[in-house]
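J.: So here's data_10.csv (CSV, C-alpha atoms).
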chain,number,residue,atom,x,y,z
A,1,MET,CA,32.1,66.4,33.6
A,2,VAL,CA,29.5,65.3,36.2
A,3,GLU,CA,28.9,61.6,36.4
A,4,LEU,CA,25.2,60.9,36.3
A,5,GLU,CA,23.5,58.5,38.7
A,6,VAL,CA,20.0,57.8,37.6
A,7,ASN,CA,17.2,55.2,37.9
A,8,ILE,CA,14.6,55.0,35.2
A,9,LEU,CA,11.2,54.4,36.9
A,10,LYS,CA,8.3,52.4,35.5
A,11,PRO,CA,5.5,53.5,37.8
A,12,PHE,CA,2.6,53.4,35.4
A,13,GLY,CA,1.0,50.9,33.2
A,14,PRO,CA,0.6,47.1,33.3
A,15,ARG,CA,3.5,44.7,33.3
A,16,ILE,CA,4.0,41.9,30.8
A,17,LEU,CA,6.1,38.8,31.4
A,18,HIS,CA,7.9,37.4,28.3
A,19,GLY,CA,9.3,33.9,28.7
A,20,LYS,CA,10.2,30.6,27.0
A,21,ILE,CA,8.4,27.3,27.1
A,22,PRO,CA,10.5,24.1,27.2
A,23,GLN,CA,10.2,22.2,23.9
A,24,ASP,CA,8.6,19.2,25.7
A,25,TYR,CA,5.6,21.4,26.7
A,26,VAL,CA,5.3,22.8,23.2
A,27,ASP,CA,5.2,19.2,21.8
A,28,GLU,CA,2.7,18.2,24.5
A,29,LEU,CA,0.4,21.0,23.7
A,30,ASN,CA,0.7,20.5,19.9
A,31,ASN,CA,0.0,16.8,20.4
A,32,GLU,CA,-3.1,17.6,22.4
A,33,CYS,CA,-4.4,20.0,19.8
A,34,ASP,CA,-3.7,17.5,17.0
A,35,SER,CA,-5.6,14.7,18.9
A,36,ILE,CA,-8.6,17.0,19.2
A,37,ILE,CA,-8.5,17.8,15.5
A,38,ALA,CA,-8.2,14.1,14.6
A,39,ASP,CA,-11.3,13.2,16.6
A,40,GLU,CA,-14.4,14.4,14.8
A,41,GLN,CA,-16.7,14.3,17.8
A,42,LYS,CA,-14.2,15.8,20.2
A,43,ARG,CA,-13.4,18.5,17.7
A,44,LYS,CA,-17.1,19.4,17.5
A,45,ASP,CA,-17.5,19.3,21.3
A,46,PHE,CA,-14.4,21.4,22.0
A,47,ASP,CA,-15.0,24.0,19.4
A,48,GLU,CA,-15.5,27.4,21.0
A,49,SER,CA,-15.2,29.5,17.9
A,50,HIS,CA,-18.8,30.8,18.2
A,51,GLU,CA,-18.3,32.0,21.8
A,52,LEU,CA,-15.0,33.8,21.7
A,53,VAL,CA,-14.1,37.2,20.1
A,54,GLY,CA,-11.7,36.0,17.5
A,55,HIS,CA,-12.3,36.0,13.7
A,56,VAL,CA,-10.2,32.9,13.4
A,57,SER,CA,-10.5,29.5,11.7
A,58,GLU,CA,-10.8,27.5,14.9
A,59,GLU,CA,-10.7,27.9,18.7
A,60,LEU,CA,-10.6,24.6,20.6
A,61,LYS,CA,-11.0,24.1,24.4
A,62,CYS,CA,-8.0,22.6,26.2
A,63,ASN,CA,-8.8,20.6,29.3
A,64,MET,CA,-6.1,21.7,31.8
A,65,ASN,CA,-7.6,19.4,34.5
A,66,ASN,CA,-6.1,16.4,32.6
A,67,PRO,CA,-3.2,15.1,34.9
A,68,LYS,CA,-0.9,15.0,31.9
A,69,PHE,CA,-0.8,18.8,32.1
A,70,ASN,CA,0.2,18.9,35.8
A,71,LEU,CA,3.8,19.8,35.1
A,72,PHE,CA,2.9,22.5,32.5
A,73,GLY,CA,0.3,23.9,35.0
A,74,GLY,CA,3.1,24.2,37.6
A,75,PHE,CA,5.2,26.0,35.0
A,76,LEU,CA,2.5,28.5,34.3
A,77,CYS,CA,2.1,29.0,38.1
A,78,GLU,CA,5.8,29.9,38.4
A,79,LEU,CA,5.5,32.4,35.5
A,80,ALA,CA,2.5,34.1,37.0
A,81,LYS,CA,4.2,34.3,40.4
A,82,CYS,CA,7.3,35.9,38.8
A,83,LEU,CA,5.1,38.6,37.3
A,84,HIS,CA,3.2,39.1,40.6
A,85,ASN,CA,6.4,39.2,42.7
A,86,GLU,CA,8.2,41.6,40.4
A,87,TYR,CA,5.4,44.1,41.0
A,88,LEU,CA,5.5,43.6,44.8
A,89,GLU,CA,9.2,44.1,44.9
A,90,GLU,CA,9.0,47.3,42.8
A,91,LYS,CA,6.4,48.6,45.2
A,92,ASN,CA,8.6,47.6,48.2
A,93,VAL,CA,6.0,45.2,49.5
A,94,LYS,CA,7.6,42.6,51.8
A,95,LYS,CA,6.8,39.0,51.1
A,96,THR,CA,4.5,37.5,53.7
A,97,GLU,CA,2.5,34.4,54.4
A,98,LEU,CA,-0.2,35.8,52.2
A,99,GLN,CA,2.1,35.4,49.2
A,100,PRO,CA,0.0,33.5,46.5
A,101,ASP,CA,1.3,30.0,45.7
A,102,LEU,CA,-1.5,28.4,43.7
A,103,LEU,CA,-2.6,29.0,40.2
A,104,ASN,CA,-6.3,28.5,39.3
A,105,ILE,CA,-6.8,28.1,35.5
A,106,HIS,CA,-10.4,29.0,34.7
A,107,ASN,CA,-10.3,28.1,31.1
A,108,ALA,CA,-7.8,27.4,28.3
A,109,TRP,CA,-7.9,27.0,24.6
A,110,PHE,CA,-6.0,26.6,21.3
A,111,VAL,CA,-6.3,29.2,18.6
A,112,ARG,CA,-5.8,28.1,15.0
A,113,SER,CA,-5.3,31.0,12.6
A,114,PHE,CA,-4.7,30.9,8.8
A,115,GLU,CA,-4.4,33.6,6.1
A,116,TYR,CA,-6.6,36.7,6.8
A,117,ASP,CA,-7.6,35.5,10.2
A,118,TYR,CA,-7.4,38.1,13.0
A,119,ASN,CA,-8.4,38.9,16.6
A,120,PRO,CA,-10.0,42.4,17.1
A,121,THR,CA,-9.0,44.5,20.1
A,122,HIS,CA,-10.4,42.9,23.3
A,123,ILE,CA,-9.8,42.0,26.9
A,124,HIS,CA,-10.4,38.9,28.9
A,125,THR,CA,-12.9,38.8,31.8
A,126,GLY,CA,-13.3,36.7,34.9
A,127,SER,CA,-9.7,36.4,35.8
A,128,SER,CA,-6.6,38.4,36.9
A,129,TYR,CA,-4.0,37.0,34.5
A,130,SER,CA,-4.1,35.7,30.9
A,131,CYS,CA,-1.4,34.2,28.8
A,132,VAL,CA,-0.6,33.4,25.2
A,133,ALA,CA,2.0,30.8,24.0
A,134,TYR,CA,3.0,30.1,20.5
A,135,LEU,CA,3.0,26.5,19.2
A,136,LYS,CA,3.3,27.0,15.4
A,137,VAL,CA,4.3,30.0,13.4
A,138,PRO,CA,4.4,30.0,9.6
A,139,ASP,CA,7.6,31.3,7.9
A,140,ASN,CA,5.7,34.2,6.3
A,141,ILE,CA,5.3,35.8,9.8
A,142,SER,CA,8.6,37.4,10.3
A,143,THR,CA,10.4,40.7,10.8
A,144,VAL,CA,10.0,41.4,7.1
A,145,ASN,CA,6.9,43.3,5.9
A,146,LYS,CA,5.9,41.2,2.9
A,147,ARG,CA,2.7,43.1,2.2
A,148,ASN,CA,4.4,46.5,1.7
A,149,VAL,CA,8.2,46.1,1.4
A,150,LYS,CA,8.6,49.9,1.7
A,151,GLU,CA,7.4,50.0,5.3
A,152,LYS,CA,10.1,50.0,8.0
A,153,TYR,CA,8.5,47.3,10.2
A,154,ALA,CA,6.2,44.3,10.0
A,155,THR,CA,3.0,43.6,11.9
A,156,GLU,CA,1.5,40.7,9.9
A,157,GLY,CA,0.5,38.0,12.4
A,158,TYR,CA,1.8,40.0,15.4
A,159,ILE,CA,0.1,40.4,18.7
A,160,ASP,CA,-0.2,44.0,19.9
A,161,PHE,CA,-0.7,44.9,23.5
A,162,ILE,CA,-2.4,48.3,23.9
A,163,TYR,CA,-2.6,50.6,26.9
A,164,GLY,CA,-3.2,54.3,27.2
A,165,SER,CA,-1.8,56.5,24.4
A,166,SER,CA,1.6,57.3,22.9
A,167,SER,CA,3.3,60.6,23.7
A,168,VAL,CA,6.7,61.9,24.8
A,169,VAL,CA,8.7,59.0,26.4
A,170,THR,CA,5.4,57.1,26.6
A,171,SER,CA,4.4,54.1,24.5
A,172,GLY,CA,0.8,53.1,24.2
A,173,ASN,CA,1.4,49.7,22.8
A,174,LEU,CA,3.8,46.8,22.5
A,175,CYS,CA,3.8,44.9,19.2
A,176,CYS,CA,5.4,41.4,19.4
A,177,LEU,CA,6.5,38.9,16.8
A,178,PRO,CA,5.1,35.4,17.5
A,179,VAL,CA,7.9,32.9,18.0
A,180,VAL,CA,7.4,29.2,18.7
A,181,GLY,CA,8.1,28.6,22.4
A,182,ASP,CA,7.5,32.2,23.4
A,183,ILE,CA,4.9,32.9,26.1
A,184,TYR,CA,3.5,36.2,27.4
A,185,VAL,CA,1.7,36.5,30.7
A,186,PHE,CA,-0.3,39.7,31.2
A,187,PRO,CA,-3.1,41.3,33.2
A,188,SER,CA,-6.5,40.1,31.8
A,189,HIS,CA,-7.8,43.7,31.6
A,190,LEU,CA,-5.0,44.7,29.1
A,191,PHE,CA,-6.3,45.3,25.6
A,192,HIS,CA,-4.7,43.3,22.9
A,193,THR,CA,-5.2,42.4,19.2
A,194,VAL,CA,-3.8,40.1,16.7
A,195,TYR,CA,-3.2,41.2,13.1
A,196,PRO,CA,-3.8,39.1,10.0
A,197,PHE,CA,-1.0,37.5,8.0
A,198,TYR,CA,-0.8,36.6,4.4
A,199,GLY,CA,0.2,33.3,2.8
A,200,GLU,CA,0.2,29.6,3.7
A,201,GLY,CA,0.6,28.0,7.1
A,202,GLU,CA,-1.0,27.8,10.5
A,203,ARG,CA,-0.4,30.2,13.4
A,204,ARG,CA,-1.3,28.2,16.4
A,205,SER,CA,-1.3,29.4,20.0
A,206,PHE,CA,-2.4,28.4,23.5
A,207,SER,CA,-4.2,30.8,25.8
A,208,ALA,CA,-5.5,30.6,29.3
A,209,ASN,CA,-7.2,32.8,31.9
A,210,MET,CA,-5.8,32.4,35.4
A,211,ASP,CA,-5.8,33.6,39.0
A,212,LEU,CA,-3.2,33.3,41.8
A,213,SER,CA,-4.4,32.3,45.3
A,214,LYS,CA,-3.0,31.2,48.6
A,215,GLN,CA,-3.1,27.6,49.6
A,216,GLU,CA,-5.0,27.1,52.8
A,217,LYS,CA,-3.2,25.4,55.6
A,218,THR,CA,-4.7,22.3,57.1
A,219,GLU,CA,-4.5,21.6,60.8
A,220,SER,CA,-2.6,18.4,61.6
Could you render the structure as structure tokens?
T.:
Amino acid sequence: MVELEVNILKPFGPRILHGKIPQDYVDELNNECDSIIADEQKRKDFDESHELVGHVSEELKCNMNNPKFNLFGGFLCELAKCLHNEYLEEKNVKKTELQPDLLNIHNAWFVRSFEYDYNPTHIHTGSSYSCVAYLKVPDNISTVNKRNVKEKYATEGYIDFIYGSSSVVTSGNLCCLPVVGDIYVFPSHLFHTVYPFYGEGERRSFSANMDLSKQEKTES
């Protein structure tokens, strides 16, 4: 019997980083969202539901320029660099002084979804990377299909990343169960959608549009 030595290549399609957010950051983001909700004027000023694509109950702007988010911003930078560097390594591109080390966050927002809310298939514009992080997930979003128990898998409340089409050894989508503390970083041009869920509870997430850049050296 011949021993096989193989390497499964992934040359096509966008990459998606899946990571975990420390609980301190989850709490920090939830506290910020709750403080906006509790302030009637700020809630009105920060409401972007009319501008964004989602058919959701509320989308609230998050001010990432606030110094209290400096550590979390640094954490997002490291995640984006991991995704970027993995691509460079796979393409055998040597790291150089041009390696990006700064993250520019163009805009960020909280998405508050309840029963029947959904996000249609869309992309993000004006940036290279986007992210979604889960801050609250109701118990009725799970691996069990509660709408039709005869189905093999569940999609209620899931995010679905879509690219190309499905065929032999080719998947055209990646459907992910939202879990508190999970974060996904992906190319902004990647189509994605969020399915509705059924039952009580809030599905809360944080999203941002971002770019990596190189810090300019200053002459001493």
J.: Smallest atom-to-atom distance to Ala80 of chain A: which of A:Arg147, A:Arg15, A:His50, A:Lys136, using all atoms listed in the file?
T.: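 The closest residue to Ala80 of chain A is A:Arg15.
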J.: Please determine, counting all atoms listed in the file, which residue among A:Asn148, A:Thr125, A:Asn119, A:Ser213 has the shortest atom-to-atom distance to Thr193 of chain A.
T.: A:Asn119
J.: Could you tell me how far atom CA of Pro14 of chain A sits from atom CA of Ser188 of chain A, in Å to one decimal place?
T.: 10.1 Å
J.: Near segment 26-35 of chain A, counting all atoms listed in the file, which residues have an atom at most 10 Å away, once you skip same-chain residues fewer than 5 positions from it, shown as a ChimeraX atom specification?
T.: /A:20-21,40,42-43,60-63,68-69,72,109-112,133-136,180-182,204-206
J.: May I ask for the distance between atom CA of Lys44 of chain A and atom CA of Asn107 of chain A, given in Å to one decimal place?
T.: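 Calculated distance between atom CA of Lys44 of chain A and atom CA of Asn107 of chain A is 17.5 Å.
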J.: Nearest to His84 of chain A among A:Leu102, A:Leu212, A:Ile123, A:Leu190, with distances taken over only C-alpha atoms: which residue is it?
T.: A:Leu212
J.: Considering only C-alpha atoms, state which residue in the set A:His18, A:His106, A:His192, A:Arg203 is at the smallest distance from Ser57 of chain A.
T.: A:Arg203
J.: So that I can see what lies close to Thr143 of chain A, please list as a list in words the residues with an atom at most 9 Å from it, counting only C-alpha atoms and leaving out residues fewer than 6 positions away in the same chain.
T.: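 The residues that qualify are Tyr153, Ala154, Thr155, Glu156 and Leu177 of chain A.
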J.: Which residues are near His124 of chain A? Cut-off 12 Å, only C-alpha atoms, ignore same chain within fewer than 3 positions. Put them as a compact mmCIF listing (two decimals) with C-alpha atoms, keeping the file's coordinate frame.
T.:
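And here is the file that came out, out14.txt:
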# COMPACT_ATOMS: atom_id res chain seq x y z
CA LEU A 52 -15.00 33.80 21.70
CA VAL A 53 -14.10 37.20 20.10
CA GLY A 54 -11.70 36.00 17.50
CA HIS A 106 -10.40 29.00 34.70
CA ASN A 107 -10.30 28.10 31.10
CA ALA A 108 -7.80 27.40 28.30
CA THR A 121 -9.00 44.50 20.10
CA SER A 127 -9.70 36.40 35.80
CA SER A 128 -6.60 38.40 36.90
CA TYR A 129 -4.00 37.00 34.50
CA SER A 130 -4.10 35.70 30.90
CA CYS A 131 -1.40 34.20 28.80
CA VAL A 132 -0.60 33.40 25.20
CA PHE A 186 -0.30 39.70 31.20
CA PRO A 187 -3.10 41.30 33.20
CA SER A 188 -6.50 40.10 31.80
CA HIS A 189 -7.80 43.70 31.60
CA LEU A 190 -5.00 44.70 29.10
CA PHE A 191 -6.30 45.30 25.60
CA HIS A 192 -4.70 43.30 22.90
CA THR A 193 -5.20 42.40 19.20
CA SER A 207 -4.20 30.80 25.80
CA ALA A 208 -5.50 30.60 29.30
CA ASN A 209 -7.20 32.80 31.90
CA MET A 210 -5.80 32.40 35.40
J.: Quick check, in Å to one decimal: how far apart do atom CA of Phe12 of chain A and atom CA of Cys82 of chain A lie?
T.: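 Computing it gives 18.4 Å between the two atoms.
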J.: Which residue gives the smallest distance to Lys91 of chain A among A:Leu9, A:Val194, A:Val179, A:Val185, with only C-alpha atoms counted?
T.: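 Of A:Leu9, A:Val194, A:Val179, A:Val185, the one nearest Lys91 of chain A is A:Leu9, counting only C-alpha atoms.
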J.: When you count only C-alpha atoms, which of these residues is closest to Ser113 of chain A: A:Asp39, A:Glu59, A:Glu51, A:Asp45?
T.: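 The shortest atom-to-atom distance to Ser113 of chain A comes from A:Glu59.
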J.: Give me the residues near Gly13 of chain A as a list in words, where near means some atom within 10 Å (using only C-alpha atoms) and where sequence neighbours in that chain fewer than 4 positions away do not count.
T.: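 After dropping sequence-adjacent residues, the list is Tyr163, Gly164, Ser171, Gly172 and Leu190 of chain A.
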J.: Model the absent atoms of segment 5-25 of chain A so that N, CA, C and O atoms are present, and write the result as a PDB file, keeping the file's coordinate frame.
T.:
ATOM      1  N   GLU A   5      24.032  59.661  38.001  1.00  0.00           N
ATOM      2  CA  GLU A   5      23.500  58.500  38.700  1.00  0.00           C
ATOM      3  C   GLU A   5      21.976  58.570  38.594  1.00  0.00           C
ATOM      4  O   GLU A   5      21.374  59.414  39.254  1.00  0.00           O
ATOM      5  N   VAL A   6      21.389  57.739  37.765  1.00  0.00           N
ATOM      6  CA  VAL A   6      20.000  57.800  37.600  1.00  0.00           C
ATOM      7  C   VAL A   6      19.306  56.447  37.658  1.00  0.00           C
ATOM      8  O   VAL A   6      19.979  55.423  37.527  1.00  0.00           O
ATOM      9  N   ASN A   7      18.010  56.447  37.885  1.00  0.00           N
ATOM     10  CA  ASN A   7      17.200  55.200  37.900  1.00  0.00           C
ATOM     11  C   ASN A   7      15.954  55.494  37.100  1.00  0.00           C
ATOM     12  O   ASN A   7      15.190  56.412  37.431  1.00  0.00           O
ATOM     13  N   ILE A   8      15.757  54.779  36.028  1.00  0.00           N
ATOM     14  CA  ILE A   8      14.600  55.000  35.200  1.00  0.00           C
ATOM     15  C   ILE A   8      13.409  54.238  35.840  1.00  0.00           C
ATOM     16  O   ILE A   8      13.438  53.012  35.997  1.00  0.00           O
ATOM     17  N   LEU A   9      12.389  54.983  36.246  1.00  0.00           N
ATOM     18  CA  LEU A   9      11.200  54.400  36.900  1.00  0.00           C
ATOM     19  C   LEU A   9      10.187  53.923  35.935  1.00  0.00           C
ATOM     20  O   LEU A   9      10.061  54.478  34.836  1.00  0.00           O
ATOM     21  N   LYS A  10       9.425  52.900  36.326  1.00  0.00           N
ATOM     22  CA  LYS A  10       8.300  52.400  35.500  1.00  0.00           C
ATOM     23  C   LYS A  10       7.050  52.339  36.381  1.00  0.00           C
ATOM     24  O   LYS A  10       6.514  51.256  36.626  1.00  0.00           O
ATOM     25  N   PRO A  11       6.596  53.492  36.851  1.00  0.00           N
ATOM     26  CA  PRO A  11       5.500  53.500  37.800  1.00  0.00           C
ATOM     27  C   PRO A  11       4.124  53.259  37.253  1.00  0.00           C
ATOM     28  O   PRO A  11       3.187  52.930  37.976  1.00  0.00           O
ATOM     29  N   PHE A  12       3.961  53.455  35.950  1.00  0.00           N
ATOM     30  CA  PHE A  12       2.600  53.400  35.400  1.00  0.00           C
ATOM     31  C   PHE A  12       2.475  52.315  34.348  1.00  0.00           C
ATOM     32  O   PHE A  12       3.422  51.941  33.673  1.00  0.00           O
ATOM     33  N   GLY A  13       1.257  51.853  34.250  1.00  0.00           N
ATOM     34  CA  GLY A  13       1.000  50.900  33.200  1.00  0.00           C
ATOM     35  C   GLY A  13       1.157  49.445  33.637  1.00  0.00           C
ATOM     36  O   GLY A  13       1.897  49.149  34.582  1.00  0.00           O
ATOM     37  N   PRO A  14       0.497  48.520  32.952  1.00  0.00           N
ATOM     38  CA  PRO A  14       0.600  47.100  33.300  1.00  0.00           C
ATOM     39  C   PRO A  14       1.933  46.493  32.891  1.00  0.00           C
ATOM     40  O   PRO A  14       2.596  46.972  31.972  1.00  0.00           O
ATOM     41  N   ARG A  15       2.306  45.441  33.574  1.00  0.00           N
ATOM     42  CA  ARG A  15       3.500  44.700  33.300  1.00  0.00           C
ATOM     43  C   ARG A  15       3.208  43.476  32.439  1.00  0.00           C
ATOM     44  O   ARG A  15       2.132  42.903  32.572  1.00  0.00           O
ATOM     45  N   ILE A  16       4.143  43.077  31.604  1.00  0.00           N
ATOM     46  CA  ILE A  16       4.000  41.900  30.800  1.00  0.00           C
ATOM     47  C   ILE A  16       5.203  41.006  30.941  1.00  0.00           C
ATOM     48  O   ILE A  16       6.334  41.476  30.812  1.00  0.00           O
ATOM     49  N   LEU A  17       4.977  39.740  31.263  1.00  0.00           N
ATOM     50  CA  LEU A  17       6.100  38.800  31.400  1.00  0.00           C
ATOM     51  C   LEU A  17       6.287  38.113  30.021  1.00  0.00           C
ATOM     52  O   LEU A  17       5.334  37.642  29.402  1.00  0.00           O
ATOM     53  N   HIS A  18       7.532  38.062  29.576  1.00  0.00           N
ATOM     54  CA  HIS A  18       7.900  37.400  28.300  1.00  0.00           C
ATOM     55  C   HIS A  18       8.856  36.235  28.726  1.00  0.00           C
ATOM     56  O   HIS A  18       9.893  36.476  29.341  1.00  0.00           O
ATOM     57  N   GLY A  19       8.484  34.998  28.401  1.00  0.00           N
ATOM     58  CA  GLY A  19       9.300  33.900  28.700  1.00  0.00           C
ATOM     59  C   GLY A  19       9.383  32.837  27.630  1.00  0.00           C
ATOM     60  O   GLY A  19       8.841  33.043  26.531  1.00  0.00           O
ATOM     61  N   LYS A  20      10.057  31.738  27.905  1.00  0.00           N
ATOM     62  CA  LYS A  20      10.200  30.600  27.000  1.00  0.00           C
ATOM     63  C   LYS A  20       9.654  29.345  27.551  1.00  0.00           C
ATOM     64  O   LYS A  20       9.870  29.044  28.729  1.00  0.00           O
ATOM     65  N   ILE A  21       8.940  28.597  26.742  1.00  0.00           N
ATOM     66  CA  ILE A  21       8.400  27.300  27.100  1.00  0.00           C
ATOM     67  C   ILE A  21       9.356  26.206  26.711  1.00  0.00           C
ATOM     68  O   ILE A  21       9.802  26.198  25.551  1.00  0.00           O
ATOM     69  N   PRO A  22       9.681  25.264  27.592  1.00  0.00           N
ATOM     70  CA  PRO A  22      10.500  24.100  27.200  1.00  0.00           C
ATOM     71  C   PRO A  22       9.856  23.383  25.999  1.00  0.00           C
ATOM     72  O   PRO A  22       8.634  23.288  25.908  1.00  0.00           O
ATOM     73  N   GLN A  23      10.677  22.851  25.120  1.00  0.00           N
ATOM     74  CA  GLN A  23      10.200  22.200  23.900  1.00  0.00           C
ATOM     75  C   GLN A  23       9.245  21.038  24.245  1.00  0.00           C
ATOM     76  O   GLN A  23       8.291  20.773  23.496  1.00  0.00           O
ATOM     77  N   ASP A  24       9.489  20.351  25.350  1.00  0.00           N
ATOM     78  CA  ASP A  24       8.600  19.200  25.700  1.00  0.00           C
ATOM     79  C   ASP A  24       7.175  19.699  25.919  1.00  0.00           C
ATOM     80  O   ASP A  24       6.226  18.986  25.549  1.00  0.00           O
ATOM     81  N   TYR A  25       6.989  20.870  26.501  1.00  0.00           N
ATOM     82  CA  TYR A  25       5.600  21.400  26.700  1.00  0.00           C
ATOM     83  C   TYR A  25       5.020  21.847  25.383  1.00  0.00           C
ATOM     84  O   TYR A  25       3.819  21.676  25.160  1.00  0.00           O
TER      85      TYR A  25
END
